[in-house]
Amino acid sequence: MTTTWILVANATSALLWKSRGTGHDLELERRFEHPEGRLKNLDLASDAGGRNATPDGQGSRPGTQWSTSPREVESEKFARELVHELSAGLSARKYDRLLLAASPDFMGKIRESLDNRLQEKVAATVVRDYTILTARELREKLASVLLV
(Lines give C-alpha, C1' and ligand atoms only; values in the text may rest on other atoms or scores of the structure.)
Protein backbone atom coordinates (compact mmCIF):
# COMPACT_ATOMS: atom_id res chain seq x y z
CA MET A 1 0.00 0.00 0.00
CA THR A 2 1.31 3.42 -1.00
CA THR A 3 1.16 6.17 1.60
CA THR A 4 0.85 9.72 0.33
CA TRP A 5 1.47 12.83 2.37
CA ILE A 6 -0.48 15.89 1.29
CA LEU A 7 0.82 19.28 2.39
CA VAL A 8 -1.82 22.00 2.15
CA ALA A 9 -0.36 25.40 2.98
CA ASN A 10 -0.31 29.16 2.84
CA ALA A 11 2.00 31.69 4.51
CA THR A 12 0.21 31.50 7.87
CA SER A 13 -0.92 27.91 8.30
CA ALA A 14 -0.51 24.42 6.93
CA LEU A 15 -2.06 21.00 7.28
CA LEU A 16 -0.24 17.75 6.67
CA TRP A 17 -2.64 15.00 5.62
CA LYS A 18 -2.00 11.31 5.03
CA SER A 19 -3.74 9.14 2.45
CA ARG A 20 -3.44 5.36 2.47
CA GLY A 21 -5.08 5.04 -0.92
CA THR A 22 -8.48 4.70 -2.52
CA GLY A 23 -11.30 3.97 -0.12
CA HIS A 24 -9.52 5.38 2.93
CA ASP A 25 -10.28 8.68 4.61
CA LEU A 26 -7.62 11.34 4.81
CA GLU A 27 -5.95 11.45 8.22
CA LEU A 28 -4.61 14.69 9.68
CA GLU A 29 -0.98 14.12 10.62
CA ARG A 30 -0.11 17.59 11.85
CA ARG A 31 -1.31 21.19 11.91
CA PHE A 32 1.16 24.08 11.62
CA GLU A 33 0.48 27.69 12.54
CA HIS A 34 2.71 30.63 11.68
CA PRO A 35 1.06 33.74 13.14
CA GLU A 36 4.05 35.89 12.17
CA GLY A 37 2.82 35.58 8.60
CA ARG A 38 -0.21 37.69 9.52
CA LEU A 39 1.82 40.59 10.91
CA LYS A 40 2.60 43.71 8.92
CA ASN A 41 6.16 44.51 7.89
CA LEU A 42 6.48 47.27 10.49
CA ASP A 43 5.28 44.94 13.26
CA LEU A 44 7.84 42.33 12.21
CA ALA A 45 10.63 44.91 12.13
CA SER A 46 9.79 46.71 15.35
CA ASP A 47 13.42 47.69 15.92
CA ALA A 48 13.66 49.47 12.56
CA GLY A 49 14.96 53.01 12.70
CA GLY A 50 12.87 55.98 11.74
CA ARG A 51 15.13 58.29 9.76
CA ASN A 52 18.89 58.60 9.40
CA ALA A 53 20.96 61.67 8.66
CA THR A 54 22.45 61.96 5.19
CA PRO A 55 26.25 61.73 4.95
CA ASP A 56 26.59 65.52 4.59
CA GLY A 57 24.34 66.10 7.63
CA GLN A 58 21.99 68.30 5.59
CA GLY A 59 18.84 66.24 5.76
CA SER A 60 17.48 62.82 6.38
CA ARG A 61 16.49 59.70 4.52
CA PRO A 62 14.35 56.73 5.50
CA GLY A 63 16.10 54.60 8.10
CA THR A 64 14.99 51.21 6.84
CA GLN A 65 15.10 49.99 3.26
CA TRP A 66 14.41 46.28 2.83
CA SER A 67 15.77 44.24 -0.04
CA THR A 68 13.38 41.53 1.15
CA SER A 69 10.46 42.54 3.31
CA PRO A 70 10.23 41.09 6.83
CA ARG A 71 6.97 39.44 5.82
CA GLU A 72 8.73 37.67 2.92
CA VAL A 73 11.48 36.55 5.29
CA GLU A 74 8.86 35.07 7.65
CA SER A 75 7.13 33.35 4.75
CA GLU A 76 10.41 31.81 3.58
CA LYS A 77 11.19 30.72 7.15
CA PHE A 78 7.81 28.97 7.41
CA ALA A 79 8.33 27.24 4.05
CA ARG A 80 11.70 25.93 5.26
CA GLU A 81 10.09 24.69 8.49
CA LEU A 82 7.48 22.76 6.50
CA VAL A 83 10.07 21.31 4.13
CA HIS A 84 12.15 20.23 7.14
CA GLU A 85 9.11 18.28 8.40
CA LEU A 86 8.65 16.68 4.98
CA SER A 87 12.32 15.73 4.89
CA ALA A 88 12.17 14.19 8.37
CA GLY A 89 9.09 12.19 7.36
CA LEU A 90 10.81 10.92 4.25
CA SER A 91 13.91 9.92 6.21
CA ALA A 92 11.65 8.00 8.62
CA ARG A 93 9.93 6.34 5.61
CA LYS A 94 6.53 7.63 6.68
CA TYR A 95 5.37 8.20 3.11
CA ASP A 96 6.06 7.08 -0.45
CA ARG A 97 4.89 10.08 -2.41
CA LEU A 98 4.02 13.70 -1.80
CA LEU A 99 1.31 16.07 -2.99
CA LEU A 100 1.70 19.81 -2.51
CA ALA A 101 -1.19 22.28 -2.53
CA ALA A 102 -0.37 25.87 -1.66
CA SER A 103 -1.40 29.42 -2.38
CA PRO A 104 0.36 30.83 -5.46
CA ASP A 105 2.82 33.05 -3.61
CA PHE A 106 3.68 30.36 -1.06
CA MET A 107 4.08 27.47 -3.53
CA GLY A 108 7.18 29.13 -4.99
CA LYS A 109 8.76 29.37 -1.55
CA ILE A 110 8.09 25.70 -0.86
CA ARG A 111 9.51 24.65 -4.23
CA GLU A 112 12.65 26.73 -3.63
CA SER A 113 13.21 24.91 -0.33
CA LEU A 114 12.81 21.35 -1.65
CA ASP A 115 15.98 19.34 -2.07
CA ASN A 116 16.40 16.79 -4.90
CA ARG A 117 15.34 13.88 -2.71
CA LEU A 118 12.01 15.54 -1.89
CA GLN A 119 11.47 16.77 -5.45
CA GLU A 120 11.62 13.15 -6.62
CA LYS A 121 8.74 12.26 -4.27
CA VAL A 122 6.43 15.06 -5.45
CA ALA A 123 3.68 13.36 -7.46
CA ALA A 124 1.67 16.53 -8.09
CA THR A 125 1.36 20.18 -7.17
CA VAL A 126 -1.81 22.22 -7.00
CA VAL A 127 -1.47 25.99 -6.87
CA ARG A 128 -4.53 26.68 -4.72
CA ASP A 129 -5.07 27.52 -1.07
CA TYR A 130 -6.99 24.55 0.30
CA THR A 131 -6.21 25.19 3.97
CA ILE A 132 -9.87 25.82 4.85
CA LEU A 133 -11.19 22.60 3.30
CA THR A 134 -12.38 19.64 5.34
CA ALA A 135 -10.85 16.21 4.75
CA ARG A 136 -13.82 15.21 2.60
CA GLU A 137 -13.66 18.40 0.49
CA LEU A 138 -9.92 18.03 0.03
CA ARG A 139 -10.28 14.40 -1.07
CA GLU A 140 -12.87 15.49 -3.64
CA LYS A 141 -10.61 18.27 -4.98
CA LEU A 142 -7.59 15.95 -5.21
CA ALA A 143 -9.43 12.76 -6.26
CA SER A 144 -7.86 12.54 -9.71
CA VAL A 145 -4.36 13.11 -8.34
CA LEU A 146 -4.77 10.64 -5.46
CA LEU A 147 -5.67 7.85 -7.89
CA VAL A 148 -2.41 8.14 -9.81
# chains A, B, ... in the order shown; residues from 1 in each chain; ligands from 1

call {"tool": "closest_atom_pairs", "arguments": {"of": "range 91-140 of chain A", "to": "range 12-29 of chain A", "cutoff": "12 Å", "atoms": "only C-alpha atoms", "output": "tab-separated table"}}
result
residue	atom	partner	partner_atom	distance
A:Lys94	CA	A:Lys18	CA	9.4
A:Tyr95	CA	A:Lys18	CA	8.2
A:Asp96	CA	A:Arg20	CA	10.1
A:Arg97	CA	A:Ser19	CA	9.9
A:Leu98	CA	A:Lys18	CA	9.4
A:Leu99	CA	A:Trp17	CA	9.5
A:Leu100	CA	A:Leu16	CA	9.6
A:Ala101	CA	A:Ala14	CA	9.7
A:Ala102	CA	A:Ala14	CA	8.7
A:Ser103	CA	A:Thr12	CA	10.6
A:Asp105	CA	A:Thr12	CA	11.9
A:Phe106	CA	A:Thr12	CA	9.6
A:Met107	CA	A:Ala14	CA	11.8
A:Ile110	CA	A:Ala14	CA	11.7
A:Asp129	CA	A:Ala14	CA	9.7
A:Tyr130	CA	A:Leu15	CA	9.3
A:Thr131	CA	A:Ala14	CA	6.5
A:Ile132	CA	A:Leu15	CA	9.5
A:Leu133	CA	A:Leu15	CA	10.1
A:Thr134	CA	A:Leu26	CA	9.6
A:Ala135	CA	A:Leu26	CA	5.8
A:Arg136	CA	A:Leu26	CA	7.6
A:Glu137	CA	A:Leu26	CA	10.2
A:Leu138	CA	A:Leu26	CA	8.5
A:Arg139	CA	A:Leu26	CA	7.1
A:Glu140	CA	A:Leu26	CA	10.8

call {"tool": "closest_residue", "arguments": {"among": "A:Arg111, A:Arg128, A:Ala123, A:Asn10", "to": "Leu147 in chain A", "atoms": "only C-alpha atoms"}}
result
A:Ala123

call {"tool": "atom_distance", "arguments": {"atom1": "CA of Lys109 in chain A", "atom2": "CA of Pro35 in chain A"}}
result
17.2 Å

call {"tool": "closest_residue", "arguments": {"among": "A:Thr125, A:Ser113, A:Thr3, A:Gln119", "to": "Glu81 in chain A", "atoms": "only C-alpha atoms"}}
result
A:Ser113

call {"tool": "closest_residue", "arguments": {"among": "A:Leu7, A:His34, A:Asp115, A:Val127", "to": "Lys77 in chain A", "atoms": "only C-alpha atoms"}}
result
A:His34

call {"tool": "atom_distance", "arguments": {"atom1": "CA of Met1 in chain A", "atom2": "CA of Glu85 in chain A"}}
result
22.1 Å

call {"tool": "atom_distance", "arguments": {"atom1": "CA of Ser69 in chain A", "atom2": "CA of Pro104 in chain A"}}
result
17.8 Å

call {"tool": "closest_residue", "arguments": {"among": "A:Glu76, A:Leu90, A:Glu33, A:Thr2", "to": "Glu120 in chain A", "atoms": "only C-alpha atoms"}}
result
A:Leu90

call {"tool": "closest_residue", "arguments": {"among": "A:Ala124, A:Ala92, A:Leu146, A:Ala11", "to": "Val73 in chain A", "atoms": "only C-alpha atoms"}}
result
A:Ala11

call {"tool": "closest_residue", "arguments": {"among": "A:Asn116, A:Ser144, A:Ser75, A:Thr4", "to": "Ser87 in chain A", "atoms": "only C-alpha atoms"}}
result
A:Asn116
